[in-house]
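Participant: One structure follows; several queries about it will come next.
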Amino acid sequence: MTAPPEAEASAALDRELFPENDPYRLFAAWLKEAEAKEINDPTGMALATVDADGMPDLRMVLMKGYDADGFVFYTNAQSAKGVQALGQKTGALLFHWKSLRRQVRARGALLQVTDAEADAYFASRPRQSQLGAWASDQSRPLKGRFELEKRVAETALKYGLGPVPRPPHWIGFRLSPVAMEFWRDGAFRLHDRMQFRRLPGQSGWETQRLYP
């Protein structure tokens with residue numbers, strides 16, 4: 001049976017606006033454009049977690065990698081987001097590329113990356129950032145800036161010119177999405193939204209347009 005002309009036109013528009021059937025390939029294409037046009041931190045994302053009382057928490061972090069299993073970030077395991085990620089094991093993220101007028105949302109399980117992954121990324125960080133990971137009791141009370149700078153100096157003295165190992169409390173998480181949504185700005189707030197959802201027990205994705 002031949003599809004009605006309006007259905008064919010709608011499908012053609014979807015292929016033009018969202019040309020990939022796999023959300024990660026579509027994300028890669030959008031991120032490439034953002035890296036060329038976004039002024040600051042195209043890998044910046046808002047990360048939402050939930051505490052033990054069900055109270056949501058939100059902050060900006062940097063995505064440090066992605067693959068077919070999800071989006072990776074790193075933190076102190078004893079920080080608010082680290083405790084919440086380890087405790088509730090779920091989260092959501094949002095990329096907002098203002099220059100492109102686009103957004104990508106994802107939500108799913110938060111899984112700890114392997115020690116090998118965390119070691120490799122930590123080794124790639126600038127030395128001052130490595131020292132800061134040891135010196136900072138992230139999310140906990142700080143008397144003043146001088147206290148932090150003193151601890152960084154003490155840590156630098158401790159390791160001298162040698163390599164700085166990864167702190168055992170400095171770990172990574174991968175948000176493995178069960179759903180992703182791609183949003184494009186439209187005139188008169190008639191935005192285009194395409195949702196990808198994983199079907200239970202299946203490896204593929206189901207796509208669905210959403211009303212703006």
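Identifiers for the structure tokens are assigned positionally: chains receive A, B, ... in sequence, residues are indexed from 1 per chain, and ligands are indexed from 1 in the order shown.
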For A:Met63, find every residue with an atom within 6 Å (counting only C-alpha atoms), except residues of its own chain fewer than 5 positions away, and show them as a list of chain:residue names.
Facilitator: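 Those residues are A:Thr43, A:Val72, A:Phe73.
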Participant: If you keep C-alpha atoms, can you produce a file of those selected residues as a CSV table (one decimal), in the first residue's frame?
Facilitator:
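Result went into again09.csv, see below:
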```
chain,number,residue,atom,x,y,z
A,43,THR,CA,31.0,19.4,25.5
A,72,VAL,CA,31.3,9.8,30.3
A,73,PHE,CA,32.1,12.4,33.0
```
Participant: Compile the contact shell of stretch 167-173 of chain A as a PyMOL selection string: residues with an atom at most 7 Å away, counting only C-alpha atoms, same-chain residues fewer than 4 positions apart removed.
Facilitator: chain A and resi 72-78+110-113+118+134
Participant: Mind giving me the straight-line distance from atom CA of A:Leu94 to atom CA of A:Gln208 in Å, one decimal?
Facilitator: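 Distance reported for this atom pair: 18.7 Å.
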Participant: Among stretch 32-173 of chain A, which residues carry a DSSP assignment of alpha helix (DSSP H), reported as an NGL selection string?
Facilitator: :A and (32-37 or 80-88 or 115-124 or 127-135 or 145-159)
Participant: Fewer than 6 positions away in the same chain doesn't count, so skip those; otherwise give me all residues within 9 Å of A:Pro177, counting only C-alpha atoms, as a list of chain:residue names.
Facilitator: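 Selected residues are A:Asp69, A:Gly70, A:Phe71, A:Ala92, A:Ala106, A:Arg107, A:Gly108, A:Ala109, A:Leu110, A:Arg197, A:Arg198.
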Participant: For the residues selected in the previous step, produce a file with N, CA and C atoms as a PDB file, in the first residue's frame.
Facilitator:
```pdb
ATOM      1  N   ASP A  69      27.828   3.095  24.351  1.00  0.00           N
ATOM      2  CA  ASP A  69      27.288   2.741  25.663  1.00  0.00           C
ATOM      3  C   ASP A  69      26.876   3.954  26.476  1.00  0.00           C
ATOM      4  N   GLY A  70      27.218   5.182  26.019  1.00  0.00           N
ATOM      5  CA  GLY A  70      26.769   6.353  26.755  1.00  0.00           C
ATOM      6  C   GLY A  70      27.794   7.463  26.841  1.00  0.00           C
ATOM      7  N   PHE A  71      27.557   8.383  27.792  1.00  0.00           N
ATOM      8  CA  PHE A  71      28.308   9.624  27.928  1.00  0.00           C
ATOM      9  C   PHE A  71      29.082   9.620  29.247  1.00  0.00           C
ATOM     10  N   ALA A  92      20.251  12.185  34.461  1.00  0.00           N
ATOM     11  CA  ALA A  92      19.820  12.753  33.188  1.00  0.00           C
ATOM     12  C   ALA A  92      20.804  13.846  32.805  1.00  0.00           C
ATOM     13  N   ALA A 106      19.211  13.228  27.514  1.00  0.00           N
ATOM     14  CA  ALA A 106      19.322  11.780  27.705  1.00  0.00           C
ATOM     15  C   ALA A 106      19.095  11.463  29.170  1.00  0.00           C
ATOM     16  N   ARG A 107      18.554  10.299  29.431  1.00  0.00           N
ATOM     17  CA  ARG A 107      18.401   9.835  30.803  1.00  0.00           C
ATOM     18  C   ARG A 107      18.561   8.328  30.844  1.00  0.00           C
ATOM     19  N   GLY A 108      19.052   7.845  31.997  1.00  0.00           N
ATOM     20  CA  GLY A 108      19.285   6.413  32.109  1.00  0.00           C
ATOM     21  C   GLY A 108      20.102   6.073  33.330  1.00  0.00           C
ATOM     22  N   ALA A 109      20.759   4.931  33.273  1.00  0.00           N
ATOM     23  CA  ALA A 109      21.549   4.434  34.403  1.00  0.00           C
ATOM     24  C   ALA A 109      22.924   5.100  34.419  1.00  0.00           C
ATOM     25  N   LEU A 110      23.456   5.305  35.627  1.00  0.00           N
ATOM     26  CA  LEU A 110      24.817   5.804  35.816  1.00  0.00           C
ATOM     27  C   LEU A 110      25.689   4.631  36.256  1.00  0.00           C
ATOM     28  N   ARG A 197      14.008   5.823  21.886  1.00  0.00           N
ATOM     29  CA  ARG A 197      13.817   5.040  23.109  1.00  0.00           C
ATOM     30  C   ARG A 197      14.277   3.609  22.883  1.00  0.00           C
ATOM     31  N   ARG A 198      15.002   3.078  23.882  1.00  0.00           N
ATOM     32  CA  ARG A 198      15.383   1.666  23.816  1.00  0.00           C
ATOM     33  C   ARG A 198      14.196   0.803  24.194  1.00  0.00           C
TER      34      ARG A 198
END
```
Participant: What are the DSSP strand (DSSP E) residues of stretch 146-183 of chain A, as number ranges by chain?
Facilitator: A: 170-183
Participant: Any idea what's packed within 9 Å of stretch 155-161 of chain A, counting only C-alpha atoms, ignoring anything in its chain fewer than 5 positions away? Could you give it as a short mmCIF file (atom, residue, chain, number, x, y, z; two decimals) with C-alpha atoms, in the first residue's frame?
Facilitator:
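What landed in around-v4.cif:
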```
data_model
loop_
_atom_site.label_atom_id
_atom_site.label_comp_id
_atom_site.auth_asym_id
_atom_site.auth_seq_id
_atom_site.Cartn_x
_atom_site.Cartn_y
_atom_site.Cartn_z
CA GLN A 128 47.61 21.33 37.99
CA LEU A 131 47.04 18.11 41.89
CA GLY A 132 43.66 19.77 42.39
CA TRP A 134 44.01 15.45 45.46
CA ALA A 135 43.75 18.83 47.19
CA LYS A 150 47.80 25.85 50.50
#
```
